>>> print(open('query35.cif').read())   # mmCIF, C-alpha atoms
data_entry
loop_
_atom_site.label_atom_id
_atom_site.label_comp_id
_atom_site.auth_asym_id
_atom_site.auth_seq_id
_atom_site.Cartn_x
_atom_site.Cartn_y
_atom_site.Cartn_z
CA MET H 165 31.32 36.55 -69.93
CA PHE H 166 28.89 34.34 -68.01
CA PHE H 167 26.78 33.78 -71.11
CA ALA H 168 29.88 32.89 -73.15
CA LYS H 169 30.83 30.22 -70.58
CA ALA H 170 27.26 28.98 -70.44
CA LYS H 171 27.16 28.81 -74.22
CA PHE H 172 30.43 26.80 -74.21
CA ILE H 173 28.99 24.37 -71.62
CA ASN H 174 25.77 23.99 -73.60
CA LEU H 175 27.45 23.60 -76.98
CA PHE H 176 30.52 21.53 -76.21
CA PHE H 177 30.79 20.18 -72.68
CA ILE H 178 27.33 18.65 -72.20
CA PRO H 179 27.26 16.99 -75.65
CA SER H 180 30.78 15.64 -75.02
CA ILE H 181 29.68 14.09 -71.72
CA MET H 182 26.59 12.61 -73.39
CA ILE H 183 28.71 11.09 -76.16
CA ALA H 184 31.14 9.67 -73.62
CA LEU H 185 28.33 8.17 -71.54
CA THR H 186 26.71 6.72 -74.64
CA ALA H 187 30.01 5.18 -75.70
CA CYS H 188 30.51 3.68 -72.23
CA SER H 189 27.05 2.19 -72.19
CA SER H 190 27.32 0.48 -75.55
CA THR H 191 25.58 -2.83 -75.66
CA ASN H 192 27.75 -5.74 -74.63
CA ASN H 193 26.64 -9.31 -74.88
CA VAL H 194 26.30 -10.35 -71.26
CA THR H 195 24.91 -13.78 -70.61
CA VAL H 196 23.42 -14.46 -67.22
CA THR H 197 23.10 -18.09 -66.27
CA PRO H 198 20.74 -18.54 -63.36
CA THR H 199 21.87 -20.86 -60.60
CA PRO H 200 19.57 -23.85 -60.64
CA ASP H 201 17.41 -24.29 -57.57
CA ARG H 202 18.77 -27.51 -56.13
CA ALA H 203 16.45 -27.55 -53.12
CA SER H 204 14.34 -30.20 -54.83
CA GLU H 205 17.31 -32.60 -54.57
CA LEU H 206 17.42 -32.40 -50.79
CA ARG H 207 13.79 -31.76 -49.81
CA PRO H 208 12.66 -35.42 -50.16
CA TYR H 209 15.48 -36.59 -47.87
CA MET H 210 14.49 -34.09 -45.17
CA GLU H 211 10.80 -34.93 -45.53
CA ASN H 212 11.51 -38.67 -45.22
CA TYR H 213 13.74 -38.12 -42.19
CA ASN H 214 11.00 -36.05 -40.54
CA GLN H 215 8.48 -38.82 -41.24
CA CYS H 216 10.76 -41.40 -39.62
CA PHE H 217 11.16 -39.13 -36.61
CA ALA H 218 7.39 -38.48 -36.33
CA ARG H 219 6.75 -42.25 -36.44
CA MET H 220 9.41 -42.67 -33.72
CA ASN H 221 11.31 -45.13 -35.91
CA ALA H 222 14.89 -44.90 -34.67
CA ASP H 223 16.21 -47.42 -37.24
CA CYS H 224 14.69 -45.45 -40.10
CA ALA H 225 15.94 -42.06 -38.81
CA ALA H 226 19.45 -43.35 -38.04
CA ALA H 227 19.75 -44.74 -41.57
CA PHE H 228 19.86 -41.15 -42.89
CA PHE H 229 23.09 -40.36 -41.00
CA ALA H 230 26.55 -40.43 -42.54
CA PRO H 231 29.12 -42.65 -40.77
CA GLN H 232 30.43 -39.58 -38.91
CA GLY H 233 26.95 -38.02 -38.53
CA GLN H 234 26.15 -36.30 -35.24
CA VAL H 235 23.06 -35.32 -33.27
CA PHE H 236 23.10 -32.20 -31.11
CA ASP H 237 20.26 -31.40 -28.72
CA THR H 238 20.11 -27.91 -27.21
CA GLY H 239 23.71 -27.35 -28.26
CA LEU H 240 25.21 -30.50 -26.76
CA ILE H 241 26.42 -33.45 -28.79
CA ARG H 242 24.28 -36.47 -27.96
CA ALA H 243 25.38 -39.08 -30.49
CA ALA H 244 27.89 -39.64 -33.29
CA GLY H 245 27.51 -42.30 -35.95
CA PRO H 246 24.39 -44.19 -37.00
CA ALA H 247 24.54 -46.81 -34.21
CA ALA H 248 24.87 -44.14 -31.50
CA VAL H 249 22.13 -42.06 -33.17
CA ARG H 250 19.83 -45.11 -33.19
CA SER H 251 20.53 -45.75 -29.51
CA TYR H 252 19.99 -42.09 -28.58
CA MET H 253 16.72 -41.93 -30.49
CA ASN H 254 15.46 -45.17 -28.93
CA GLN H 255 16.16 -43.68 -25.48
CA THR H 256 14.48 -40.42 -26.45
CA PHE H 257 11.40 -42.16 -27.86
CA SER H 258 11.04 -44.38 -24.77
CA ALA H 259 11.22 -41.29 -22.50
CA ALA H 260 8.62 -39.29 -24.44
CA HIS H 261 6.00 -40.49 -26.92
CA ILE H 262 5.42 -38.14 -29.84
CA ASP H 263 1.67 -37.58 -29.99
CA SER H 264 1.91 -35.17 -32.92
CA LEU H 265 4.67 -33.51 -34.87
CA ASN H 266 4.28 -30.71 -37.36
CA ALA H 267 7.58 -30.34 -39.19
CA THR H 268 8.32 -27.44 -41.50
CA ILE H 269 11.16 -26.94 -43.92
CA ASP H 270 11.80 -23.21 -43.92
CA THR H 271 14.91 -22.90 -46.09
CA ILE H 272 17.23 -25.14 -48.03
CA THR H 273 20.66 -23.92 -49.11
CA ILE H 274 23.02 -26.06 -51.16
CA ASN H 275 26.64 -25.19 -51.85
CA GLY H 276 28.51 -27.88 -53.73
CA ASP H 277 28.17 -31.16 -51.84
CA VAL H 278 26.85 -29.59 -48.62
CA GLY H 279 23.22 -28.73 -48.00
CA VAL H 280 21.71 -26.98 -44.99
CA VAL H 281 18.04 -27.21 -44.06
CA LEU H 282 16.47 -24.89 -41.48
CA GLY H 283 13.07 -25.72 -40.09
CA THR H 284 10.82 -26.06 -37.07
CA TYR H 285 9.12 -28.81 -35.13
CA ASP H 286 5.87 -28.16 -33.29
CA GLU H 287 5.52 -31.24 -31.19
CA LYS H 288 3.17 -32.62 -28.59
CA THR H 289 4.59 -35.38 -26.43
CA THR H 290 3.61 -37.48 -23.46
CA ASP H 291 6.35 -38.54 -21.07
CA ALA H 292 6.59 -41.84 -19.15
CA THR H 293 4.56 -40.39 -16.25
CA GLY H 294 1.67 -39.40 -18.55
CA GLN H 295 2.52 -35.69 -18.50
CA SER H 296 1.68 -33.93 -21.77
CA ASN H 297 4.08 -31.36 -23.16
CA GLU H 298 4.13 -29.00 -26.11
CA ALA H 299 7.32 -27.59 -27.57
CA LYS H 300 8.41 -25.57 -30.55
CA LEU H 301 11.91 -26.43 -31.69
CA GLN H 302 14.10 -25.06 -34.43
CA TYR H 303 16.35 -27.46 -36.25
CA VAL H 304 19.39 -27.23 -38.47
CA ALA H 305 20.21 -30.22 -40.63
CA GLU H 306 23.54 -30.31 -42.45
CA TRP H 307 23.53 -32.83 -45.26
CA ILE H 308 26.49 -34.03 -47.33
CA ARG H 309 26.35 -35.64 -50.75
CA GLN H 310 27.91 -39.08 -50.74
CA ALA H 311 30.03 -40.50 -53.55
CA ASN H 312 26.97 -42.43 -54.79
CA GLY H 313 25.00 -39.16 -55.17
CA GLN H 314 22.76 -39.80 -52.17
CA TRP H 315 22.48 -37.25 -49.34
CA ALA H 316 23.34 -38.19 -45.73
CA LEU H 317 22.94 -36.24 -42.50
CA ASN H 318 26.25 -34.96 -41.22
CA ARG H 319 24.91 -32.89 -38.31
CA PHE H 320 21.44 -32.46 -36.90
CA SER H 321 20.75 -29.97 -34.15
CA THR H 322 17.66 -28.75 -32.31
CA VAL H 323 17.12 -25.83 -29.95
CA ILE H 324 14.02 -24.54 -28.23
CA ALA H 325 12.52 -21.81 -30.40
CA GLN H 326 12.41 -18.30 -29.04
CA GLN H 327 8.82 -17.28 -28.39
#
>>> encode(input="query35.cif", output="structure tokens")
Amino acid sequence: MFFAKAKFINLFFIPSIMIALTACSSTNNVTVTPTPDRASELRPYMENYNQCFARMNADCAAAFFAPQGQVFDTGLIRAAGPAAVRSYMNQTFSAAHIDSLNATIDTITINGDVGVVLGTYDEKTTDATGQSNEAKLQYVAEWIRQANGQWALNRFSTVIAQQ
């Protein structure tokens, strides 16, 4: 009896399953369209902003901000709008001179008209008393595409990097 059942499984059941699986896996025309890497659209804006910041040029850096753009430092809002951002940066730059700034762009993610850049700043500064400081900061820059196709900073935030 066992051999009769085994013979049935070998002769009918297994081939039936194989035919069914083959039928299910028939070739369908599936077209995969890769999502274009749009990081190259935003990278130059972030690089230029970082250059303005490294040169301590508040006018240049503030020009990258959208009308509602905000700066957060260690989680607290410090300025909103280009004029306030310019004023905040001028105060910051007068309190501490940037001796060197190594800025990295770690990731860029774009979804529609919003782009997010994550990166780090390794900076060496000298304060008004002549005290030298070194800090590693992480930043998050949220950019929005304007109606003219240009990107503008909507939010920029820094926090001290975890060591």
>>> residues_around(input="query35.cif", residues="Arg242 in chain H", least_positions_apart="2", cutoff="12 Å", atoms="all atoms listed in the file", output="list in words")
Gly233, Gln234, Val235, Phe236, Asp237, Thr238, Gly239, Leu240, Ala244, Gly245, Pro246, Ala248, Val249, Arg250, Ser251, Tyr252, Met253, Gln255, Thr256, Arg319, Phe320, Ser321 and Thr322 of chain H
>>> resolve_selection(input="query35.cif", expression="the PyMOL selection byres ((chain H and resi 283) around 8)", output="ChimeraX atom specification")
/H:267-271,281-282,284-285,302-304
>>> closest_residue(input="query35.cif", among="H:Ile308, H:Ala316, H:Leu301, H:Leu265", to="Tyr209 in chain H", atoms="all atoms listed in the file")
H:Ala316
>>> atom_distance(input="query35.cif", atom1="CA of Phe229 in chain H", atom2="CA of Asn318 in chain H")
6.3 Å
>>> residues_around(input="query35.cif", residues="range 211-213 of chain H", least_positions_apart="5", cutoff="9 Å", atoms="only C-alpha atoms", output="CSV table (one decimal) with C-alpha atoms, keeping the file's coordinate frame")
chain,number,residue,atom,x,y,z
H,206,LEU,CA,17.4,-32.4,-50.8
H,218,ALA,CA,7.4,-38.5,-36.3
H,224,CYS,CA,14.7,-45.4,-40.1
H,225,ALA,CA,15.9,-42.1,-38.8
H,226,ALA,CA,19.4,-43.4,-38.0
H,227,ALA,CA,19.8,-44.7,-41.6
H,228,PHE,CA,19.9,-41.2,-42.9
H,267,ALA,CA,7.6,-30.3,-39.2
H,268,THR,CA,8.3,-27.4,-41.5
H,269,ILE,CA,11.2,-26.9,-43.9
>>> residues_around(input="query35.cif", residues="Gln310 in chain H", least_positions_apart="3", cutoff="10 Å", atoms="all atoms listed in the file", output="list of chain:residue names")
H:Ala230, H:Asp277, H:Val278, H:Trp307, H:Gly313, H:Gln314, H:Trp315, H:Ala316
>>> atom_distance(input="query35.cif", atom1="CA of Gly279 in chain H", atom2="CA of Glu306 in chain H")
5.8 Å
>>> resolve_selection(input="query35.cif", expression="the PyMOL selection byres ((chain H and resi 220) around 8)", output="PyMOL selection string")
chain H and resi 216-219+221-222+257+261-262
>>> resolve_selection(input="query35.cif", expression="the PyMOL selection byres ((chain H and resi 293) around 12)", output="PDB file with C-alpha atoms, keeping the file's coordinate frame")
ATOM      1  CA  SER H 258      11.040 -44.380 -24.770  1.00  0.00           C
ATOM      2  CA  ALA H 259      11.220 -41.290 -22.500  1.00  0.00           C
ATOM      3  CA  ALA H 260       8.620 -39.290 -24.440  1.00  0.00           C
ATOM      4  CA  HIS H 261       6.000 -40.490 -26.920  1.00  0.00           C
ATOM      5  CA  THR H 289       4.590 -35.380 -26.430  1.00  0.00           C
ATOM      6  CA  THR H 290       3.610 -37.480 -23.460  1.00  0.00           C
ATOM      7  CA  ASP H 291       6.350 -38.540 -21.070  1.00  0.00           C
ATOM      8  CA  ALA H 292       6.590 -41.840 -19.150  1.00  0.00           C
ATOM      9  CA  GLY H 294       1.670 -39.400 -18.550  1.00  0.00           C
ATOM     10  CA  GLN H 295       2.520 -35.690 -18.500  1.00  0.00           C
ATOM     11  CA  SER H 296       1.680 -33.930 -21.770  1.00  0.00           C
ATOM     12  CA  ASN H 297       4.080 -31.360 -23.160  1.00  0.00           C
TER      13      ASN H 297
END
>>> atom_distance(input="query35.cif", atom1="CA of Asn266 in chain H", atom2="CA of Ala247 in chain H")
26.1 Å
>>> closest_residue(input="query35.cif", among="H:Asn254, H:Ser204, H:Gln326, H:Asn214", to="Thr273 in chain H", atoms="all atoms listed in the file")
H:Ser204
